[in-house]
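See below for the structure under consideration.
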Amino acid sequence: MSIRKGSLYVVATPIGNLGDMSSRAVEILSEVDVIAAEDTRHSLPLLRHFGITTPCIAYHEHNERQLSPELIERLLGGESIALISDAGTPLISDPGYHLVTQARQAECRVIPIPGPNALISALSVAGLPTHQFIFQGFLPARSAQRKQCLDALRDATATLVFYESPHRILASLRDMIEIFGADRQAVIAREMTKIHETIYDAALADLYQWVSGQKEQQKGEIVIIVHGAPETARDEDHVEYQHVLKILLEEMPLKQAVSVATRITGAKRNLLYELAVRYKA
């Protein structure tokens, strides 16, 4: 394989199973002038396994802004560089955005070397709609911000995909239950392609109970996939929703009535709120 001088190669590496490393990725990593790795200590065992001796430099979230201009200069000087993350495809919740953006602005050639990715791998086996999906990545660490983020996605009809860390998985599932509802269908895909790979689907409330009852399911790399909200209701459905709201509004405040009606009908909260405001007017 002939390496293009002055090119940046964005190379996907295994997310677990080393058998997923492509022969093209091995060739590229062997022939470039330098490898920019998210964590050289993490990547060196992988490179050694495939007999790759190319020099590595650390390129991570803490130094990417400072290091990117230097790497661009090296590209403009004719060197070839491969970008890899700790696992999977770079830039997908991993560093690399600044380097790729600056390389394109400098009119350097940026070449993808595709391969493993936890997001796509999980979607392919989740059994939820894949024709349209939203990848949110990692949710905010704090509950208030996390709920705000989830609330913005509440009415999205596309399938929702999140990455989550082990120490936040239960808190995130609790917040999803509060925002999306206990009955929203979801899937947890954990440790994809690894020995302890787990794929489990259930309503969010049941999923939370399952994860909370098994400590081993609170470890490793986790993808959460949530079914999108129901499509916009048909006009004839509005009549039913208005009937339910009328009864509830006679017994409780507007916001509480909307909340209960959401659980009863499964309709979008925003739609029911709008109908309730119209009725009260």
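The chains in the structure tokens are called A, B, ... from first to last as shown; in each chain the residues are counted from 1, and the ligands are counted from 1 in the order shown.
Residue neighbourhood of Ile52 in chain A, excluding near-sequence residues (fewer than 2 positions): Ala25, Val26, Glu27, Ile28, Leu29, Ser30, Glu31, Val32, Asp33, Val34, Ile35, Ser43, Leu44, Pro45, Leu46, Leu47, Arg48, His49, Phe50, Thr54, Pro55 and Cys56 of chain A, at 12 Å, using only C-alpha atoms.
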Extract, using only C-alpha atoms, all DNA, RNA and protein residues at most 10 Å from Arg278 in chain A, discarding same-chain residues fewer than 5 positions from it, and format them as a list of chain:residue names.
A:Gln242, A:Leu272, A:Tyr273
Those residues you just picked out, can you put them in a file as a PDB file, in the first residue's frame with N, CA and C atoms?
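And here is the file that came out, out15.pdb:
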ATOM      1  N   GLN A 242     -58.355  15.058  24.296  1.00  0.00           N
ATOM      2  CA  GLN A 242     -59.140  16.149  24.880  1.00  0.00           C
ATOM      3  C   GLN A 242     -60.149  15.622  25.890  1.00  0.00           C
ATOM      4  N   LEU A 272     -50.065  17.397  24.639  1.00  0.00           N
ATOM      5  CA  LEU A 272     -51.117  17.385  25.647  1.00  0.00           C
ATOM      6  C   LEU A 272     -51.161  18.711  26.405  1.00  0.00           C
ATOM      7  N   TYR A 273     -50.004  19.285  26.645  1.00  0.00           N
ATOM      8  CA  TYR A 273     -49.968  20.574  27.342  1.00  0.00           C
ATOM      9  C   TYR A 273     -50.672  21.644  26.504  1.00  0.00           C
TER      10      TYR A 273
END
- Task: Pick out the residues sitting within 9 Å of Leu75 in chain A, and hand them over as an NGL selection string; count only C-alpha atoms, and ignore anything fewer than 3 positions along from it in its own chain.
- Result: :A and (5-8 or 70-72 or 78-81 or 103 or 108)
Could the residues in this selection be written to a file with C-alpha atoms, as a short mmCIF file (atom, residue, chain, number, x, y, z; two decimals), in the first residue's frame?
data_model
loop_
_atom_site.label_atom_id
_atom_site.label_comp_id
_atom_site.auth_asym_id
_atom_site.auth_seq_id
_atom_site.Cartn_x
_atom_site.Cartn_y
_atom_site.Cartn_z
CA LYS A 5 2.54 12.15 1.80
CA GLY A 6 1.07 14.99 3.82
CA SER A 7 -2.08 12.99 4.60
CA LEU A 8 -3.94 12.48 7.86
CA GLU A 70 2.30 21.32 15.30
CA LEU A 71 0.83 18.26 13.61
CA ILE A 72 -0.55 20.39 10.78
CA GLY A 78 5.07 16.11 3.81
CA GLU A 79 4.78 13.73 6.75
CA SER A 80 1.91 11.28 7.01
CA ILE A 81 0.07 10.92 10.32
CA ALA A 103 -6.14 19.65 8.46
CA CYS A 108 -4.38 18.48 3.75
#
message = I need the residues of range 86-230 of chain A that end up classed as strand (DSSP E or B) by DSSP on the backbone, written out as a PyMOL selection string.
response = chain A and resi 88+109-113+133-138+159-164+185-190+198-203+222-226
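When CA of Leu275 in chain A is paired with CA of Pro129 in chain A, their separation reads 28.8 Å.
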Item checked: In range 25-146 of chain A, DSSP helix (DSSP H, G or I) residues written as an MDAnalysis selection string -> chainID A and resid 25:31 40:49 64:76 97:105 118:126 143:146
With N, CA and C atoms retained, write the just-selected residues as a compact mmCIF listing (two decimals), in the first residue's frame.
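Written file, selection.txt:
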# COMPACT_ATOMS: atom_id res chain seq x y z
N ALA A 25 -5.94 -1.22 8.18
CA ALA A 25 -5.53 -0.42 9.33
C ALA A 25 -4.11 -0.77 9.76
N VAL A 26 -3.78 -2.06 9.76
CA VAL A 26 -2.44 -2.50 10.14
C VAL A 26 -1.40 -1.93 9.16
N GLU A 27 -1.71 -1.97 7.86
CA GLU A 27 -0.78 -1.47 6.86
C GLU A 27 -0.56 0.04 7.02
N ILE A 28 -1.64 0.78 7.22
CA ILE A 28 -1.53 2.23 7.36
C ILE A 28 -0.70 2.58 8.59
N LEU A 29 -1.03 1.95 9.72
CA LEU A 29 -0.31 2.27 10.95
C LEU A 29 1.16 1.88 10.87
N SER A 30 1.48 0.89 10.06
CA SER A 30 2.87 0.45 9.90
C SER A 30 3.67 1.39 9.01
N GLU A 31 2.98 2.10 8.11
CA GLU A 31 3.70 2.87 7.09
C GLU A 31 3.71 4.38 7.29
N THR A 40 -0.91 6.63 24.62
CA THR A 40 0.13 5.76 24.08
C THR A 40 0.31 4.50 24.91
N ARG A 41 0.11 4.61 26.21
CA ARG A 41 0.25 3.42 27.07
C ARG A 41 -0.82 2.38 26.75
N HIS A 42 -1.99 2.86 26.38
CA HIS A 42 -3.10 1.96 26.03
C HIS A 42 -2.89 1.35 24.64
N SER A 43 -2.37 2.15 23.72
CA SER A 43 -2.26 1.72 22.32
C SER A 43 -1.04 0.85 22.05
N LEU A 44 0.04 1.01 22.82
CA LEU A 44 1.27 0.26 22.54
C LEU A 44 1.08 -1.25 22.55
N PRO A 45 0.32 -1.83 23.51
CA PRO A 45 0.09 -3.28 23.45
C PRO A 45 -0.61 -3.71 22.16
N LEU A 46 -1.56 -2.91 21.69
CA LEU A 46 -2.25 -3.22 20.44
C LEU A 46 -1.27 -3.18 19.27
N LEU A 47 -0.47 -2.13 19.23
CA LEU A 47 0.49 -1.99 18.13
C LEU A 47 1.52 -3.12 18.16
N ARG A 48 1.98 -3.47 19.34
CA ARG A 48 2.95 -4.56 19.46
C ARG A 48 2.34 -5.88 18.99
N HIS A 49 1.07 -6.09 19.30
CA HIS A 49 0.38 -7.32 18.89
C HIS A 49 0.42 -7.51 17.38
N GLU A 64 -4.97 18.52 22.73
CA GLU A 64 -5.24 18.55 21.29
C GLU A 64 -5.23 19.95 20.70
N ARG A 65 -5.70 20.95 21.46
CA ARG A 65 -5.69 22.32 20.94
C ARG A 65 -4.25 22.82 20.74
N GLN A 66 -3.37 22.47 21.69
CA GLN A 66 -1.99 22.93 21.61
C GLN A 66 -1.19 22.14 20.57
N LEU A 67 -1.49 20.85 20.44
CA LEU A 67 -0.68 19.98 19.58
C LEU A 67 -1.11 20.01 18.12
N SER A 68 -2.38 20.32 17.87
CA SER A 68 -2.88 20.27 16.49
C SER A 68 -2.08 21.14 15.52
N PRO A 69 -1.76 22.41 15.85
CA PRO A 69 -0.98 23.23 14.91
C PRO A 69 0.37 22.60 14.56
N GLU A 70 1.01 21.97 15.55
CA GLU A 70 2.30 21.32 15.30
C GLU A 70 2.14 20.16 14.32
N LEU A 71 1.07 19.39 14.50
CA LEU A 71 0.83 18.26 13.61
C LEU A 71 0.48 18.74 12.20
N ILE A 72 -0.23 19.85 12.10
CA ILE A 72 -0.55 20.39 10.78
C ILE A 72 0.73 20.81 10.06
N GLU A 73 1.66 21.41 10.80
CA GLU A 73 2.94 21.78 10.21
C GLU A 73 3.67 20.55 9.68
N ARG A 74 3.58 19.47 10.41
CA ARG A 74 4.24 18.24 9.96
C ARG A 74 3.57 17.70 8.71
N LEU A 75 2.24 17.79 8.65
CA LEU A 75 1.52 17.36 7.44
C LEU A 75 1.93 18.23 6.25
N LEU A 76 1.97 19.54 6.44
CA LEU A 76 2.34 20.45 5.37
C LEU A 76 3.79 20.25 4.94
N TYR A 97 -11.30 16.18 16.72
CA TYR A 97 -12.05 17.20 15.98
C TYR A 97 -11.15 18.36 15.54
N HIS A 98 -10.35 18.88 16.46
CA HIS A 98 -9.52 20.04 16.14
C HIS A 98 -8.49 19.70 15.06
N LEU A 99 -7.92 18.51 15.15
CA LEU A 99 -6.91 18.12 14.17
C LEU A 99 -7.53 17.95 12.78
N VAL A 100 -8.65 17.26 12.70
CA VAL A 100 -9.29 17.04 11.40
C VAL A 100 -9.76 18.37 10.81
N THR A 101 -10.36 19.23 11.63
CA THR A 101 -10.84 20.52 11.14
C THR A 101 -9.68 21.36 10.60
N GLN A 102 -8.60 21.43 11.36
CA GLN A 102 -7.46 22.24 10.93
C GLN A 102 -6.78 21.64 9.71
N ALA A 103 -6.75 20.31 9.63
CA ALA A 103 -6.14 19.65 8.46
C ALA A 103 -6.94 19.97 7.20
N ARG A 104 -8.24 19.96 7.31
CA ARG A 104 -9.07 20.27 6.14
C ARG A 104 -8.94 21.75 5.77
N GLN A 105 -8.86 22.61 6.76
CA GLN A 105 -8.69 24.04 6.48
C GLN A 105 -7.35 24.30 5.81
N ALA A 118 -18.61 1.35 18.61
CA ALA A 118 -19.60 0.83 19.56
C ALA A 118 -21.00 1.30 19.24
N LEU A 119 -21.13 2.53 18.79
CA LEU A 119 -22.43 3.10 18.44
C LEU A 119 -23.12 2.27 17.36
N ILE A 120 -22.46 2.05 16.23
CA ILE A 120 -23.05 1.32 15.12
C ILE A 120 -23.21 -0.16 15.45
N SER A 121 -22.25 -0.72 16.16
CA SER A 121 -22.35 -2.13 16.53
C SER A 121 -23.57 -2.37 17.40
N ALA A 122 -23.80 -1.49 18.37
CA ALA A 122 -24.95 -1.63 19.26
C ALA A 122 -26.26 -1.44 18.51
N LEU A 123 -26.32 -0.44 17.65
CA LEU A 123 -27.54 -0.19 16.87
C LEU A 123 -27.90 -1.39 16.00
N SER A 124 -26.90 -2.05 15.45
CA SER A 124 -27.15 -3.14 14.50
C SER A 124 -27.81 -4.34 15.15
N VAL A 125 -27.70 -4.47 16.48
CA VAL A 125 -28.27 -5.64 17.14
C VAL A 125 -29.36 -5.30 18.16
N ALA A 126 -29.70 -4.01 18.28
CA ALA A 126 -30.63 -3.57 19.32
C ALA A 126 -32.08 -3.96 19.04
N SER A 143 -27.00 15.73 37.49
CA SER A 143 -28.37 15.34 37.20
C SER A 143 -29.20 16.46 36.57
N ALA A 144 -29.06 17.67 37.07
CA ALA A 144 -29.87 18.78 36.55
C ALA A 144 -29.60 19.01 35.07
N GLN A 145 -28.32 19.06 34.72
CA GLN A 145 -27.97 19.25 33.31
C GLN A 145 -28.34 18.03 32.47
N ARG A 146 -28.20 16.85 33.08
CA ARG A 146 -28.55 15.62 32.37
C ARG A 146 -30.04 15.59 32.03
Margin query: Please list as a PyMOL selection string every residue within 10 Å of range 190-205 of chain A, counting only C-alpha atoms and excluding residues in the same chain fewer than 6 positions away.
Written below: chain A and resi 14-20+116-119+121-122+125-128+163-164+166+173-174+176-178+180-184+211+216-227
Write the selection just made, keeping N, CA and C atoms, as a short mmCIF file (atom, residue, chain, number, x, y, z; two decimals), in the first residue's frame?
data_model
loop_
_atom_site.label_atom_id
_atom_site.label_comp_id
_atom_site.auth_asym_id
_atom_site.auth_seq_id
_atom_site.Cartn_x
_atom_site.Cartn_y
_atom_site.Cartn_z
N PRO A 14 -9.89 -1.82 17.15
CA PRO A 14 -10.89 -2.66 17.83
C PRO A 14 -11.44 -2.04 19.10
N ILE A 15 -12.73 -2.31 19.37
CA ILE A 15 -13.33 -1.89 20.64
C ILE A 15 -13.24 -2.99 21.67
N GLY A 16 -12.68 -4.11 21.28
CA GLY A 16 -12.52 -5.22 22.20
C GLY A 16 -11.80 -6.38 21.55
N ASN A 17 -12.46 -7.01 20.60
CA ASN A 17 -11.91 -8.19 19.93
C ASN A 17 -10.84 -7.78 18.92
N LEU A 18 -9.61 -8.24 19.12
CA LEU A 18 -8.51 -7.86 18.24
C LEU A 18 -8.71 -8.38 16.82
N GLY A 19 -9.57 -9.38 16.66
CA GLY A 19 -9.85 -9.91 15.34
C GLY A 19 -10.56 -8.92 14.44
N ASP A 20 -11.07 -7.84 15.04
CA ASP A 20 -11.78 -6.83 14.25
C ASP A 20 -10.84 -5.79 13.63
N PRO A 116 -14.31 -0.77 13.55
CA PRO A 116 -15.22 -0.93 14.68
C PRO A 116 -15.70 0.38 15.28
N ASN A 117 -16.93 0.34 15.77
CA ASN A 117 -17.53 1.50 16.44
C ASN A 117 -18.64 1.00 17.32
N ALA A 118 -18.61 1.35 18.61
CA ALA A 118 -19.60 0.83 19.56
C ALA A 118 -21.00 1.30 19.24
N LEU A 119 -21.13 2.53 18.79
CA LEU A 119 -22.43 3.10 18.44
C LEU A 119 -23.12 2.27 17.36
N SER A 121 -22.25 -0.72 16.16
CA SER A 121 -22.35 -2.13 16.53
C SER A 121 -23.57 -2.37 17.40
N ALA A 122 -23.80 -1.49 18.37
CA ALA A 122 -24.95 -1.63 19.26
C ALA A 122 -26.26 -1.44 18.51
N VAL A 125 -27.70 -4.47 16.48
CA VAL A 125 -28.27 -5.64 17.14
C VAL A 125 -29.36 -5.30 18.16
N ALA A 126 -29.70 -4.01 18.28
CA ALA A 126 -30.63 -3.57 19.32
C ALA A 126 -32.08 -3.96 19.04
N GLY A 127 -32.43 -4.09 17.78
CA GLY A 127 -33.81 -4.41 17.45
C GLY A 127 -34.74 -3.21 17.52
N LEU A 128 -34.18 -2.00 17.58
CA LEU A 128 -34.95 -0.76 17.55
C LEU A 128 -34.77 -0.11 16.18
N TYR A 163 -23.77 7.08 25.19
CA TYR A 163 -22.70 6.37 25.87
C TYR A 163 -22.83 6.71 27.35
N GLU A 164 -22.48 5.78 28.23
CA GLU A 164 -22.52 6.08 29.65
C GLU A 164 -21.42 5.35 30.39
N PRO A 166 -19.78 3.53 33.84
CA PRO A 166 -20.33 2.60 34.84
C PRO A 166 -20.85 3.28 36.10
N LEU A 173 -30.24 6.12 34.07
CA LEU A 173 -31.47 5.37 33.82
C LEU A 173 -32.63 5.93 34.64
N ARG A 174 -32.37 6.34 35.88
CA ARG A 174 -33.42 6.95 36.70
C ARG A 174 -33.93 8.23 36.05
N MET A 176 -33.78 9.00 32.88
CA MET A 176 -34.49 8.64 31.65
C MET A 176 -35.92 8.20 31.95
N ILE A 177 -36.08 7.46 33.03
CA ILE A 177 -37.43 7.03 33.44
C ILE A 177 -38.28 8.26 33.75
N GLU A 178 -37.70 9.22 34.46
CA GLU A 178 -38.44 10.43 34.82
C GLU A 178 -38.82 11.25 33.59
N PHE A 180 -38.49 10.28 30.04
CA PHE A 180 -39.08 9.56 28.91
C PHE A 180 -40.28 8.70 29.30
N GLY A 181 -40.38 8.36 30.59
CA GLY A 181 -41.45 7.48 31.04
C GLY A 181 -40.94 6.08 31.28
N ALA A 182 -41.54 5.41 32.25
CA ALA A 182 -41.08 4.08 32.66
C ALA A 182 -41.25 3.02 31.58
N ASP A 183 -42.21 3.24 30.67
CA ASP A 183 -42.54 2.21 29.68
C ASP A 183 -41.79 2.36 28.36
N ARG A 184 -40.99 3.41 28.23
CA ARG A 184 -40.25 3.60 26.96
C ARG A 184 -39.27 2.44 26.78
N VAL A 211 -30.39 -3.80 35.86
CA VAL A 211 -29.01 -3.32 36.05
C VAL A 211 -28.70 -3.14 37.53
N GLU A 216 -22.32 -6.70 37.97
CA GLU A 216 -21.45 -6.86 36.80
C GLU A 216 -21.97 -6.06 35.61
N GLN A 217 -23.28 -5.74 35.62
CA GLN A 217 -23.85 -4.93 34.54
C GLN A 217 -23.59 -3.44 34.73
N GLN A 218 -22.92 -3.10 35.80
CA GLN A 218 -22.56 -1.71 36.08
C GLN A 218 -21.07 -1.48 35.85
N LYS A 219 -20.49 -2.31 34.98
CA LYS A 219 -19.06 -2.21 34.69
C LYS A 219 -18.84 -2.15 33.19
N GLY A 220 -17.67 -1.64 32.80
CA GLY A 220 -17.27 -1.68 31.40
C GLY A 220 -17.81 -0.55 30.56
N GLU A 221 -17.74 -0.72 29.25
CA GLU A 221 -18.20 0.27 28.28
C GLU A 221 -19.67 0.03 27.98
N ILE A 222 -20.49 1.08 28.12
CA ILE A 222 -21.94 0.91 28.04
C ILE A 222 -22.57 1.82 26.99
N VAL A 223 -23.44 1.24 26.16
CA VAL A 223 -24.24 2.00 25.21
C VAL A 223 -25.70 1.82 25.61
N ILE A 224 -26.45 2.92 25.71
CA ILE A 224 -27.88 2.87 25.98
C ILE A 224 -28.61 3.34 24.73
N ILE A 225 -29.54 2.53 24.26
CA ILE A 225 -30.33 2.89 23.07
C ILE A 225 -31.79 2.96 23.49
N VAL A 226 -32.44 4.08 23.22
CA VAL A 226 -33.82 4.32 23.66
C VAL A 226 -34.72 4.54 22.45
N HIS A 227 -35.86 3.86 22.46
CA HIS A 227 -36.83 4.02 21.37
C HIS A 227 -37.28 5.47 21.32
#
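Between CA of Gly213 in chain A and CA of Gln185 in chain A there is a distance of 18.8 Å.
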### Task
Find the residues near Leu248 in chain A: any atom within 12 Å, counting only C-alpha atoms, skip ones fewer than 4 places away on the same chain, and give them as a ChimeraX atom specification.
/A:241-244,252-262,264,272,276,279-280
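CA of Gly96 in chain A lies 8.1 Å from CA of Tyr59 in chain A.
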If we count only C-alpha atoms, what is near Leu153 in chain A at a cut-off of 10 Å, once residues fewer than 6 positions away on the same chain are taken out, given as a PyMOL selection string? chain A and resi 134+136+147+160+179-180+228-229
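Neighbouring residues of Arg142 in chain A at 12 Å or closer, counting only C-alpha atoms and skipping chain neighbours under 4 positions away, are Phe138, Arg146, Lys147, Gln148, Cys149, Arg168, Ala171, Ser172 and Asp175 of chain A.
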